[in-house]
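Here is the structure we will look at, set down as structure tokens.
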Amino acid sequence: MLKFDPEKCLASFHGRASKVRRAIMAIFIENKKPLSVANIILELKSRHFSTINKTTVYRQLKFLLDRQVITGVEIAGSKHYQLTHQHPQGIFFCTHCQKIIPSQEKFKMPSITKATKENHFKVNNFSLIFLGICQDCQKNI
């Protein structure tokens, strides 16, 4: 698998690779799962961006969304973001502890492809979210 380079990605979209943008890209690369704005801010603060604010983060996310570097997904009423090329086939969301677990399984596409053809609909992106209780929470219930 090719290594994803945030600098090249930002340069290809004529975006200045500021320290904050590079840090946000690194956070997405390292986490490999959808992240909320709160998660991103916590990660940034742990990386010596102690004065970072929500407005700055939202501005950077909009920049990356507009260029389709990241995608957004709604999980249990909250917006989460992930790198477009890391988009998992499915997401498991624990309704008890709020843990997000990206699926490693590749789900079969024939039924989705058939439905989109029958309805003359071009799908740009999709999310498959499984709501339930994770293994750790099952032990404690």
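Here's how to read the names in the structure tokens: chain A, B, ... by the order shown, residue numbers from 1 in each chain, ligand numbers from 1 in the order shown.
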
#### Entry: Shell around Gln135 in chain A at 12 Å using only C-alpha atoms, local window under 2 positions removed, as a PyMOL selection string
chain A and resi 92-97+99+101+132-133+137-141

Same residues, N, CA and C atoms, output as a PDB file, in the first residue's frame:
ATOM      1  N   PHE A  92     -18.647   0.196  13.187  1.00  0.00           N
ATOM      2  CA  PHE A  92     -19.379  -0.312  14.334  1.00  0.00           C
ATOM      3  C   PHE A  92     -19.345   0.766  15.409  1.00  0.00           C
ATOM      4  N   PHE A  93     -20.530   1.152  15.893  1.00  0.00           N
ATOM      5  CA  PHE A  93     -20.633   2.200  16.904  1.00  0.00           C
ATOM      6  C   PHE A  93     -21.297   1.631  18.145  1.00  0.00           C
ATOM      7  N   CYS A  94     -20.581   1.687  19.273  1.00  0.00           N
ATOM      8  CA  CYS A  94     -21.136   1.200  20.537  1.00  0.00           C
ATOM      9  C   CYS A  94     -22.032   2.283  21.132  1.00  0.00           C
ATOM     10  N   THR A  95     -23.300   1.973  21.277  1.00  0.00           N
ATOM     11  CA  THR A  95     -24.262   2.944  21.809  1.00  0.00           C
ATOM     12  C   THR A  95     -24.109   3.110  23.327  1.00  0.00           C
ATOM     13  N   HIS A  96     -23.314   2.250  23.936  1.00  0.00           N
ATOM     14  CA  HIS A  96     -23.116   2.334  25.384  1.00  0.00           C
ATOM     15  C   HIS A  96     -21.932   3.238  25.737  1.00  0.00           C
ATOM     16  N   CYS A  97     -20.751   2.997  25.128  1.00  0.00           N
ATOM     17  CA  CYS A  97     -19.548   3.770  25.473  1.00  0.00           C
ATOM     18  C   CYS A  97     -19.126   4.745  24.368  1.00  0.00           C
ATOM     19  N   LYS A  99     -17.755   4.127  21.524  1.00  0.00           N
ATOM     20  CA  LYS A  99     -16.551   3.703  20.801  1.00  0.00           C
ATOM     21  C   LYS A  99     -16.881   3.487  19.328  1.00  0.00           C
ATOM     22  N   ILE A 101     -15.492   1.648  15.905  1.00  0.00           N
ATOM     23  CA  ILE A 101     -14.577   0.614  15.428  1.00  0.00           C
ATOM     24  C   ILE A 101     -14.779   0.472  13.917  1.00  0.00           C
ATOM     25  N   GLY A 132     -24.747  -0.871  18.086  1.00  0.00           N
ATOM     26  CA  GLY A 132     -24.863  -1.991  19.000  1.00  0.00           C
ATOM     27  C   GLY A 132     -23.997  -1.791  20.224  1.00  0.00           C
ATOM     28  N   ILE A 133     -23.570  -2.905  20.803  1.00  0.00           N
ATOM     29  CA  ILE A 133     -22.776  -2.850  22.031  1.00  0.00           C
ATOM     30  C   ILE A 133     -21.475  -3.605  21.801  1.00  0.00           C
ATOM     31  N   CYS A 137     -18.234  -3.558  26.590  1.00  0.00           N
ATOM     32  CA  CYS A 137     -19.461  -3.174  27.285  1.00  0.00           C
ATOM     33  C   CYS A 137     -20.374  -4.379  27.547  1.00  0.00           C
ATOM     34  N   GLN A 138     -20.331  -5.380  26.647  1.00  0.00           N
ATOM     35  CA  GLN A 138     -21.138  -6.588  26.847  1.00  0.00           C
ATOM     36  C   GLN A 138     -20.730  -7.298  28.140  1.00  0.00           C
ATOM     37  N   LYS A 139     -19.439  -7.258  28.456  1.00  0.00           N
ATOM     38  CA  LYS A 139     -18.943  -7.912  29.662  1.00  0.00           C
ATOM     39  C   LYS A 139     -19.434  -7.202  30.923  1.00  0.00           C
ATOM     40  N   ASN A 140     -19.635  -5.879  30.820  1.00  0.00           N
ATOM     41  CA  ASN A 140     -19.993  -5.085  31.991  1.00  0.00           C
ATOM     42  C   ASN A 140     -21.490  -4.889  32.177  1.00  0.00           C
ATOM     43  N   ILE A 141     -22.269  -5.401  31.265  1.00  0.00           N
ATOM     44  CA  ILE A 141     -23.733  -5.207  31.375  1.00  0.00           C
ATOM     45  C   ILE A 141     -24.374  -6.395  32.050  1.00  0.00           C
TER      46      ILE A 141
END

### Task
Find the residues around Gln82 in chain A up to 8 Å (only C-alpha atoms counted), leave out those fewer than 5 positions away in its own chain, and share them as JSON, numbers by chain.
{"A": [28, 32, 33, 34, 35, 70, 71, 72, 87]}

Please save C-alpha atoms of the selected residues as a JSON list (two decimals), in the first residue's frame.
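The result, written out as selection.json:
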[["chain", "number", "residue", "atom", "x", "y", "z"],
["A", 28, "PHE", "CA", -6.32, 11.37, 10.50],
["A", 32, "LYS", "CA", -7.61, 5.44, 10.84],
["A", 33, "LYS", "CA", -11.15, 5.91, 12.10],
["A", 34, "PRO", "CA", -13.76, 8.67, 12.00],
["A", 35, "LEU", "CA", -13.02, 11.52, 14.42],
["A", 70, "ILE", "CA", -11.76, 14.06, 3.95],
["A", 71, "THR", "CA", -15.38, 12.98, 4.14],
["A", 72, "GLY", "CA", -17.92, 13.53, 6.85],
["A", 87, "HIS", "CA", -13.15, 5.32, 4.14]]

### Coordinates-based distance that separates CA of Arg47 in chain A from CA of Ile29 in chain A (Å, one decimal)
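Computing the Euclidean distance for CA of Ile29 in chain A and CA of Arg47 in chain A yields 14.7 Å.
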
### Query
Tell me, which residues of range 2-141 of chain A carry DSSP helix (DSSP H, G or I), written as a count of residues only?
61

### Message
List as a list in words the protein and nucleic acid residues near Ala76 in chain A, meaning an atom at most 10 Å away when only C-alpha atoms are counted, but skip any in the same chain fewer than 2 places from it.
### Response
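That gives Val73, Glu74, Ser78, Lys79, His80, Phe93, Cys94, Thr95, Gln98, Ile129 and Leu131 of chain A.
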